[in-house]
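Structure file protein_24.pdb (PDB, C-alpha atoms) is printed below.
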```pdb
ATOM      1  CA  MET A   1      47.808  78.090 154.968
ATOM      2  CA  LYS A   2      50.930  75.979 154.315
ATOM      3  CA  LEU A   3      49.380  73.102 156.228
ATOM      4  CA  PHE A   4      46.227  73.303 154.122
ATOM      5  CA  LEU A   5      48.250  73.398 150.875
ATOM      6  CA  THR A   6      50.390  70.425 151.977
ATOM      7  CA  PHE A   7      47.269  68.460 152.920
ATOM      8  CA  PHE A   8      45.686  69.258 149.530
ATOM      9  CA  ILE A   9      48.789  68.130 147.591
ATOM     10  CA  LEU A  10      49.015  64.878 149.580
ATOM     11  CA  LEU A  11      45.334  64.229 148.951
ATOM     12  CA  LEU A  12      45.812  64.862 145.237
ATOM     13  CA  LEU A  13      48.817  62.533 145.084
ATOM     14  CA  GLN A  14      46.910  59.793 146.890
ATOM     15  CA  GLY A  15      44.114  60.063 144.336
ATOM     16  CA  CYS A  16      46.602  59.719 141.489
ATOM     17  CA  SER A  17      47.996  56.511 142.959
ATOM     18  CA  THR A  18      44.601  54.788 142.695
ATOM     19  CA  LEU A  19      44.363  55.253 138.926
ATOM     20  CA  SER A  20      44.850  52.037 136.990
ATOM     21  CA  VAL A  21      47.133  52.422 134.021
ATOM     22  CA  GLN A  22      46.834  49.875 131.219
ATOM     23  CA  PRO A  23      49.918  49.539 129.053
ATOM     24  CA  GLN A  24      49.356  50.042 125.340
ATOM     25  CA  GLN A  25      51.312  48.151 122.760
ATOM     26  CA  ALA A  26      53.221  50.668 120.711
ATOM     27  CA  MET A  27      52.544  50.727 116.990
ATOM     28  CA  LEU A  28      55.293  51.326 114.504
ATOM     29  CA  ALA A  29      54.759  53.354 111.345
ATOM     30  CA  GLY A  30      53.608  51.063 108.549
ATOM     31  CA  ASP A  31      52.296  48.346 110.889
ATOM     32  CA  THR A  32      48.749  47.082 110.537
ATOM     33  CA  PRO A  33      47.255  45.854 113.815
ATOM     34  CA  SER A  34      46.125  42.221 113.821
ATOM     35  CA  GLN A  35      42.738  43.312 115.224
ATOM     36  CA  TRP A  36      41.124  46.650 114.529
ATOM     37  CA  GLN A  37      37.823  48.327 113.734
ATOM     38  CA  LEU A  38      36.983  51.112 111.330
ATOM     39  CA  LYS A  39      33.873  53.288 111.164
ATOM     40  CA  GLY A  40      33.231  55.731 108.390
ATOM     41  CA  ARG A  41      31.400  56.794 105.262
ATOM     42  CA  ILE A  42      31.776  55.731 101.654
ATOM     43  CA  GLY A  43      30.633  57.686  98.624
ATOM     44  CA  VAL A  44      30.585  55.977  95.238
ATOM     45  CA  VAL A  45      30.061  57.291  91.734
ATOM     46  CA  SER A  46      29.569  54.419  89.297
ATOM     47  CA  HIS A  47      27.919  54.525  85.869
ATOM     48  CA  ASN A  48      26.699  58.083  86.611
ATOM     49  CA  LYS A  49      24.923  56.850  89.746
ATOM     50  CA  VAL A  50      25.828  58.228  93.192
ATOM     51  CA  GLN A  51      25.544  56.034  96.290
ATOM     52  CA  ASN A  52      26.429  56.813  99.906
ATOM     53  CA  PHE A  53      26.791  54.386 102.788
ATOM     54  CA  GLY A  54      27.917  54.320 106.364
ATOM     55  CA  PHE A  55      30.160  51.422 107.231
ATOM     56  CA  ASN A  56      31.551  49.609 110.209
ATOM     57  CA  ILE A  57      34.164  46.932 109.651
ATOM     58  CA  LYS A  58      36.032  44.761 112.127
ATOM     59  CA  PHE A  59      39.201  42.945 111.135
ATOM     60  CA  LYS A  60      40.945  40.069 112.839
ATOM     61  CA  GLU A  61      43.857  39.166 110.551
ATOM     62  CA  GLN A  62      42.134  38.495 107.165
ATOM     63  CA  VAL A  63      38.729  37.704 108.706
ATOM     64  CA  PHE A  64      36.323  40.633 108.609
ATOM     65  CA  ASN A  65      32.777  41.642 109.491
ATOM     66  CA  LEU A  66      31.446  44.515 107.365
ATOM     67  CA  THR A  67      28.148  46.309 107.897
ATOM     68  CA  LEU A  68      27.005  48.772 105.240
ATOM     69  CA  THR A  69      24.129  51.101 106.121
ATOM     70  CA  GLY A  70      22.209  53.109 103.531
ATOM     71  CA  THR A  71      21.598  56.821 103.528
ATOM     72  CA  LEU A  72      19.612  58.028 106.553
ATOM     73  CA  GLY A  73      20.075  54.579 108.105
ATOM     74  CA  LEU A  74      17.708  53.002 105.603
ATOM     75  CA  GLY A  75      18.687  49.462 104.664
ATOM     76  CA  GLN A  76      21.589  47.485 105.969
ATOM     77  CA  ILE A  77      23.676  44.560 104.772
ATOM     78  CA  ASN A  78      26.105  42.525 106.854
ATOM     79  CA  ILE A  79      28.977  40.746 105.117
ATOM     80  CA  VAL A  80      31.189  38.323 107.032
ATOM     81  CA  SER A  81      34.252  36.747 105.496
ATOM     82  CA  ASN A  82      35.942  34.006 107.483
ATOM     83  CA  ASN A  83      37.704  30.671 106.971
ATOM     84  CA  ASP A  84      34.350  28.990 106.195
ATOM     85  CA  GLY A  85      33.466  31.393 103.365
ATOM     86  CA  LEU A  86      31.428  34.508 102.730
ATOM     87  CA  TYR A  87      28.165  35.140 104.607
ATOM     88  CA  ILE A  88      25.568  37.747 103.670
ATOM     89  CA  ASP A  89      23.115  38.583 106.455
ATOM     90  CA  GLY A  90      23.872  35.187 108.014
ATOM     91  CA  HIS A  91      23.459  33.142 104.809
ATOM     92  CA  GLN A  92      26.465  31.552 103.110
ATOM     93  CA  SER A  93      27.181  32.869  99.625
ATOM     94  CA  SER A  94      28.666  30.928  96.732
ATOM     95  CA  GLN A  95      30.086  34.159  95.279
ATOM     96  CA  ASP A  96      33.316  35.865  96.200
ATOM     97  CA  LEU A  97      33.235  39.400  97.629
ATOM     98  CA  LYS A  98      33.939  41.163  94.324
ATOM     99  CA  GLN A  99      31.154  39.257  92.506
ATOM    100  CA  LEU A 100      28.724  39.941  95.340
ATOM    101  CA  MET A 101      29.429  43.676  95.430
ATOM    102  CA  ILE A 102      29.065  44.005  91.655
ATOM    103  CA  LYS A 103      25.765  42.082  91.775
ATOM    104  CA  GLU A 104      24.326  43.998  94.755
ATOM    105  CA  PHE A 105      25.704  47.505  94.170
ATOM    106  CA  GLY A 106      27.076  47.642  90.619
ATOM    107  CA  TRP A 107      30.606  48.390  91.897
ATOM    108  CA  HIS A 108      33.335  46.927  94.078
ATOM    109  CA  PHE A 109      36.466  48.012  95.907
ATOM    110  CA  PRO A 110      39.368  46.210  97.589
ATOM    111  CA  VAL A 111      37.880  45.721 101.081
ATOM    112  CA  ARG A 112      40.669  43.355 102.146
ATOM    113  CA  ASN A 113      43.196  46.109 101.470
ATOM    114  CA  LEU A 114      41.699  48.679 103.851
ATOM    115  CA  GLY A 115      44.535  47.983 106.295
ATOM    116  CA  ASN A 116      47.094  48.868 103.633
ATOM    117  CA  ILE A 117      45.184  52.040 102.742
ATOM    118  CA  VAL A 118      44.696  53.217 106.340
ATOM    119  CA  PHE A 119      48.023  52.238 107.906
ATOM    120  CA  LYS A 120      50.496  51.906 105.005
ATOM    121  CA  HIS A 121      49.035  54.576 102.664
ATOM    122  CA  ARG A 122      49.213  52.289  99.636
ATOM    123  CA  LEU A 123      47.482  49.446  97.838
ATOM    124  CA  ASN A 124      49.120  46.071  97.441
ATOM    125  CA  THR A 125      46.672  44.913  94.814
ATOM    126  CA  GLU A 126      46.471  44.616  91.111
ATOM    127  CA  ASP A 127      47.069  47.815  89.178
ATOM    128  CA  GLU A 128      43.360  48.390  88.544
ATOM    129  CA  TRP A 129      42.998  50.955  91.346
ATOM    130  CA  GLN A 130      44.585  54.368  91.751
ATOM    131  CA  LEU A 131      44.799  55.586  95.358
ATOM    132  CA  THR A 132      45.013  59.187  96.538
ATOM    133  CA  ILE A 133      45.022  60.030 100.239
ATOM    134  CA  THR A 134      43.876  63.599 100.830
ATOM    135  CA  LYS A 135      43.840  63.795 104.629
ATOM    136  CA  PHE A 136      45.849  62.164 107.388
ATOM    137  CA  GLY A 137      45.256  61.699 111.098
ATOM    138  CA  SER A 138      46.880  59.947 114.036
ATOM    139  CA  TYR A 139      46.175  56.573 115.678
ATOM    140  CA  GLN A 140      48.324  55.345 118.570
ATOM    141  CA  GLY A 141      51.057  57.762 117.566
ATOM    142  CA  VAL A 142      51.306  56.803 113.877
ATOM    143  CA  SER A 143      50.024  58.523 110.762
ATOM    144  CA  VAL A 144      46.854  57.016 109.294
ATOM    145  CA  ALA A 145      44.698  57.899 106.317
ATOM    146  CA  LYS A 146      41.506  59.790 107.173
ATOM    147  CA  VAL A 147      40.229  60.487 103.638
ATOM    148  CA  ALA A 148      41.108  58.285 100.668
ATOM    149  CA  LYS A 149      39.988  58.345  97.053
ATOM    150  CA  LEU A 150      40.026  55.321  94.776
ATOM    151  CA  LYS A 151      39.590  55.391  91.024
ATOM    152  CA  HIS A 152      39.272  52.252  88.928
ATOM    153  CA  SER A 153      41.509  52.333  85.855
ATOM    154  CA  THR A 154      39.191  50.482  83.433
ATOM    155  CA  GLN A 155      35.678  50.852  84.909
ATOM    156  CA  PRO A 156      33.769  54.048  85.716
ATOM    157  CA  ILE A 157      34.087  53.680  89.499
ATOM    158  CA  LYS A 158      35.181  56.492  91.815
ATOM    159  CA  ILE A 159      35.124  55.951  95.565
ATOM    160  CA  LYS A 160      35.717  58.358  98.434
ATOM    161  CA  LEU A 161      36.318  56.835 101.865
ATOM    162  CA  LEU A 162      36.045  58.910 105.024
ATOM    163  CA  PHE A 163      37.543  57.098 108.008
ATOM    164  CA  GLN A 164      35.832  58.614 111.047
ATOM    165  CA  LYS A 165      37.007  56.271 113.829
ATOM    166  CA  ILE A 166      39.785  53.734 114.004
ATOM    167  CA  LEU A 167      39.554  51.584 117.113
ATOM    168  CA  PRO A 168      41.068  48.404 118.473
ATOM    169  CA  THR A 169      38.438  45.665 118.404
ATOM    170  CA  LEU A 170      37.003  45.048 121.831
ATOM    171  CA  ASP A 171      35.367  41.672 121.154
TER     172      ASP A 171
END
```

Serialized structure, structure tokens:
Amino acid sequence: MKLFLTFFILLLLQGCSTLSVQPQQAMLAGDTPSQWQLKGRIGVVSHNKVQNFGFNIKFKEQVFNLTLTGTLGLGQINIVSNNDGLYIDGHQSSQDLKQLMIKEFGWHFPVRNLGNIVFKHRLNTEDEWQLTITKFGSYQGVSVAKVAKLKHSTQPIKIKLLFQKILPTLD
């Protein structure tokens, strides 16, 4: 019996030695990764109209690729912001992101500040938005926002963001 148990333990240890371990870069509290991806839901109440979207956004520094999907997967818009400008479904736009969102949806929110909301729990923007984080989670050992509420101070815009998955970008 001892021989069988010793053989089993050695076999188990040999199997453990074949696992490949990839080192992860440690994140510090308050850091925003240079590349990351966020999947979630957004609910908006603006001018007594309720809208809900799914979203997927990938950041690489200040360059982002945002896909908004309508309720039940109906309708989709892809917004890419890079050094060359703003692209909507592959076509370059002469508008900035705020103008585009107001034109298309009737509301806007500080997309470029999602990193500050998720990882730093604050907004570093103009004072037009009030931020409340109602639920926290963990990502690579640091506290991140999981549910955030934004309220515009001068316009009737209320936004609830549910951050379902935070991932490193794999592109």

Original post:
Near A:His47, counting all atoms listed in the file, which residues have an atom at most 10 Å away, once you skip same-chain residues fewer than 4 positions from it, shown as a ChimeraX atom specification?
Top reply: /A:106-107,155-158

Subject >> Best match for closeness to A:Asn78 among A:Trp36, A:Gln95, A:Val142, A:Asn56, counting all atoms listed in the file >> reply: A:Asn56

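Of the residues under consideration (A:Phe53, A:Pro33, A:Gln140, A:Leu86), A:Phe53 shows the shortest atom-to-atom contact distance to A:Leu161 when counting only C-alpha atoms.
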
Original post:
For this file, the PyMOL selection byres ((chain A and resi 85) around 10) selects which residues, as a ChimeraX atom specification?
Top reply: /A:63,80-84,86-87,92-97

Original post:
Need the neighbours of (33.8, 54.0, 107.9): which residues are at most 12 Å away, counting all atoms listed in the file, as a PyMOL selection string?
Top reply: chain A and resi 37-43+52-58+66-69+111+114+118+145-148+160-167

Would you kindly place N, CA and C atoms on stretch 84-115 of chain A and return the model as a compact mmCIF listing (two decimals), in the coordinates of the input?
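This went into result.txt:
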```
# COMPACT_ATOMS: atom_id res chain seq x y z
N ASP A 84 35.41 29.85 106.74
CA ASP A 84 34.35 28.99 106.20
C ASP A 84 33.73 29.55 104.92
N GLY A 85 34.02 30.79 104.58
CA GLY A 85 33.47 31.39 103.36
C GLY A 85 32.92 32.78 103.61
N LEU A 86 32.03 33.18 102.70
CA LEU A 86 31.43 34.51 102.73
C LEU A 86 29.96 34.37 103.14
N TYR A 87 29.54 35.19 104.11
CA TYR A 87 28.16 35.14 104.61
C TYR A 87 27.53 36.51 104.44
N ILE A 88 26.31 36.52 103.87
CA ILE A 88 25.57 37.75 103.67
C ILE A 88 24.33 37.68 104.55
N ASP A 89 24.23 38.58 105.50
CA ASP A 89 23.12 38.58 106.46
C ASP A 89 22.88 37.19 107.04
N GLY A 90 23.95 36.50 107.37
CA GLY A 90 23.87 35.19 108.01
C GLY A 90 23.76 34.00 107.08
N HIS A 91 23.60 34.23 105.78
CA HIS A 91 23.46 33.14 104.81
C HIS A 91 24.74 33.00 103.99
N GLN A 92 25.23 31.78 103.85
CA GLN A 92 26.46 31.55 103.11
C GLN A 92 26.25 31.86 101.63
N SER A 93 27.24 32.49 101.03
CA SER A 93 27.18 32.87 99.62
C SER A 93 28.16 32.03 98.82
N SER A 94 27.77 31.68 97.62
CA SER A 94 28.67 30.93 96.73
C SER A 94 29.57 31.87 95.94
N GLN A 95 29.31 33.17 96.01
CA GLN A 95 30.09 34.16 95.28
C GLN A 95 31.25 34.65 96.13
N ASP A 96 32.27 35.19 95.45
CA ASP A 96 33.32 35.86 96.20
C ASP A 96 32.87 37.31 96.44
N LEU A 97 33.64 38.05 97.22
CA LEU A 97 33.24 39.40 97.63
C LEU A 97 33.09 40.34 96.43
N LYS A 98 34.01 40.28 95.49
CA LYS A 98 33.94 41.16 94.32
C LYS A 98 32.67 40.88 93.52
N GLN A 99 32.36 39.62 93.25
CA GLN A 99 31.15 39.26 92.51
C GLN A 99 29.90 39.74 93.24
N LEU A 100 29.88 39.54 94.54
CA LEU A 100 28.72 39.94 95.34
C LEU A 100 28.50 41.44 95.27
N MET A 101 29.57 42.22 95.44
CA MET A 101 29.43 43.68 95.43
C MET A 101 28.96 44.18 94.06
N ILE A 102 29.50 43.59 93.00
CA ILE A 102 29.06 44.00 91.66
C ILE A 102 27.59 43.67 91.46
N LYS A 103 27.17 42.49 91.91
CA LYS A 103 25.76 42.08 91.78
C LYS A 103 24.84 42.98 92.60
N GLU A 104 25.20 43.24 93.86
CA GLU A 104 24.33 44.00 94.76
C GLU A 104 24.35 45.51 94.52
N PHE A 105 25.55 46.05 94.22
CA PHE A 105 25.70 47.50 94.17
C PHE A 105 26.08 48.05 92.80
N GLY A 106 26.62 47.18 91.93
CA GLY A 106 27.08 47.64 90.62
C GLY A 106 28.51 48.14 90.64
N TRP A 107 29.21 47.96 91.74
CA TRP A 107 30.61 48.39 91.90
C TRP A 107 31.27 47.52 92.95
N HIS A 108 32.57 47.64 93.05
CA HIS A 108 33.34 46.93 94.08
C HIS A 108 34.55 47.77 94.45
N PHE A 109 35.20 47.41 95.54
CA PHE A 109 36.47 48.01 95.91
C PHE A 109 37.23 47.02 96.76
N PRO A 110 38.53 47.20 96.89
CA PRO A 110 39.37 46.21 97.59
C PRO A 110 39.23 46.28 99.11
N VAL A 111 38.17 45.69 99.64
CA VAL A 111 37.88 45.72 101.08
C VAL A 111 39.04 45.13 101.89
N ARG A 112 39.59 44.02 101.41
CA ARG A 112 40.67 43.36 102.15
C ARG A 112 41.94 44.21 102.24
N ASN A 113 42.02 45.25 101.45
CA ASN A 113 43.20 46.11 101.47
C ASN A 113 42.99 47.39 102.26
N LEU A 114 41.91 47.48 103.04
CA LEU A 114 41.70 48.68 103.85
C LEU A 114 42.84 48.91 104.84
N GLY A 115 43.40 47.84 105.38
CA GLY A 115 44.54 47.98 106.30
C GLY A 115 45.72 48.64 105.62
```
